[in-house]
Amino acid sequence: MLGRLILLVLQVAVGWFGTTAIMNYIKFGEFRLFIFAVVAAVVIFLIGIIAAVILKDVGSPSSATLSWALGFALIAAVLWTWGPQLPLLSEIPWGRVRAEYAVLAFAILGYHLKR
């Protein structure tokens, strides 16, 4: 249990700084959030692999775990990009949470739901 908590904290901290550092080298204008989602999911997955080697209670993630993290991150990117234009979702205050935070949180959520 403690290993999973350490993994979560590592994924939040290293995931944010690692993803933003990698995104500094990738220059895309319109699809930047979607590329951020892919990079965030891969970084979260790699942190899980490294933590599985180092930490005792953490199992190694499978390729399905990467798929779930990627899927959830892309869902967040779609929601934060086109959510305000949809009539059903227009009442949600999308601007309160930065899109990058939401994408990273959804990638971590997808990782841990599959684990």
# chains A, B, ... in the order shown; residues from 1 in each chain; ligands from 1
>>> residues_around(residues="range 47-49 of chain A", least_positions_apart="2", cutoff="7 Å", atoms="only C-alpha atoms", output="ChimeraX atom specification")
/A:11,43-45,51-53,60-61
>>> write_last_selection(atoms="all heavy atoms", output="short mmCIF file (atom, residue, chain, number, x, y, z; two decimals), in the first residue's frame")
data_model
loop_
_atom_site.label_atom_id
_atom_site.label_comp_id
_atom_site.auth_asym_id
_atom_site.auth_seq_id
_atom_site.Cartn_x
_atom_site.Cartn_y
_atom_site.Cartn_z
N GLN A 11 4.30 9.79 -9.75
CA GLN A 11 3.65 10.04 -11.03
C GLN A 11 3.14 11.47 -11.14
O GLN A 11 3.22 12.06 -12.21
CB GLN A 11 2.51 9.05 -11.26
CG GLN A 11 3.00 7.68 -11.63
CD GLN A 11 1.88 6.69 -11.81
OE1 GLN A 11 0.84 6.79 -11.16
NE2 GLN A 11 2.09 5.73 -12.68
N VAL A 43 4.87 8.96 -20.23
CA VAL A 43 5.71 9.28 -19.06
C VAL A 43 5.17 8.60 -17.81
O VAL A 43 5.93 8.01 -17.03
CB VAL A 43 5.82 10.82 -18.88
CG1 VAL A 43 6.41 11.17 -17.52
CG2 VAL A 43 6.66 11.42 -19.98
N ILE A 44 3.86 8.64 -17.62
CA ILE A 44 3.24 7.98 -16.47
C ILE A 44 3.51 6.47 -16.51
O ILE A 44 3.84 5.85 -15.50
CB ILE A 44 1.72 8.26 -16.43
CG1 ILE A 44 1.45 9.74 -16.18
CG2 ILE A 44 1.01 7.40 -15.41
CD1 ILE A 44 2.01 10.29 -14.90
N PHE A 45 3.41 5.88 -17.69
CA PHE A 45 3.68 4.45 -17.86
C PHE A 45 5.15 4.13 -17.55
O PHE A 45 5.44 3.15 -16.85
CB PHE A 45 3.32 4.03 -19.28
CG PHE A 45 3.56 2.58 -19.57
CD1 PHE A 45 2.73 1.62 -19.04
CD2 PHE A 45 4.61 2.19 -20.38
CE1 PHE A 45 2.95 0.27 -19.32
CE2 PHE A 45 4.83 0.86 -20.66
CZ PHE A 45 4.00 -0.10 -20.12
N ALA A 51 9.24 2.36 -11.24
CA ALA A 51 8.84 2.15 -9.85
C ALA A 51 8.64 0.67 -9.55
O ALA A 51 8.91 0.22 -8.43
CB ALA A 51 7.56 2.92 -9.54
N ALA A 52 8.20 -0.11 -10.53
CA ALA A 52 8.02 -1.55 -10.32
C ALA A 52 9.36 -2.24 -10.07
O ALA A 52 9.44 -3.22 -9.34
CB ALA A 52 7.32 -2.18 -11.52
N VAL A 53 10.41 -1.71 -10.66
CA VAL A 53 11.74 -2.27 -10.45
C VAL A 53 12.29 -1.87 -9.08
O VAL A 53 12.90 -2.68 -8.38
CB VAL A 53 12.70 -1.83 -11.58
CG1 VAL A 53 14.12 -2.23 -11.27
CG2 VAL A 53 12.25 -2.38 -12.91
N SER A 60 4.56 -4.67 -12.04
CA SER A 60 4.92 -4.10 -13.33
C SER A 60 3.65 -3.89 -14.17
O SER A 60 2.81 -4.77 -14.26
CB SER A 60 5.88 -5.05 -14.06
OG SER A 60 6.25 -4.49 -15.28
N PRO A 61 3.51 -2.72 -14.80
CA PRO A 61 2.32 -2.47 -15.60
C PRO A 61 2.38 -3.21 -16.94
O PRO A 61 3.46 -3.49 -17.46
CB PRO A 61 2.37 -0.95 -15.82
CG PRO A 61 3.80 -0.60 -15.70
CD PRO A 61 4.38 -1.55 -14.70
#
>>> residues_around(residues="Ile6 in chain A", least_positions_apart="3", cutoff="12 Å", atoms="only C-alpha atoms", output="tab-separated table (two decimals) with C-alpha atoms, in the first residue's frame")
chain	number	residue	atom	x	y	z
A	1	MET	CA	0.00	0.00	0.00
A	2	LEU	CA	2.81	2.40	0.82
A	3	GLY	CA	4.50	1.53	-2.46
A	9	VAL	CA	3.23	10.87	-5.68
A	10	LEU	CA	6.06	10.09	-8.11
A	11	GLN	CA	3.65	10.04	-11.03
A	12	VAL	CA	2.18	13.40	-10.10
A	13	ALA	CA	5.49	15.16	-9.49
A	14	VAL	CA	7.78	13.56	-12.06
A	47	ILE	CA	7.40	5.95	-14.20
A	48	GLY	CA	5.29	2.88	-13.37
A	51	ALA	CA	8.84	2.15	-9.85
A	52	ALA	CA	8.02	-1.55	-10.32
A	54	ILE	CA	12.63	-0.11	-7.45
A	55	LEU	CA	9.62	-0.41	-5.12
A	56	LYS	CA	8.69	-3.70	-3.48
A	57	ASP	CA	4.88	-3.62	-3.45
A	58	VAL	CA	4.36	-2.25	-6.96
>>> residues_around(residues="Trp80 in chain A", least_positions_apart="2", cutoff="12 Å", atoms="only C-alpha atoms", output="count of residues only")
29
>>> select_by_dssp(residues="chain A", states="alpha helix (DSSP H)", output="number ranges by chain")
A: 2-23, 32-54, 63-82, 99-114
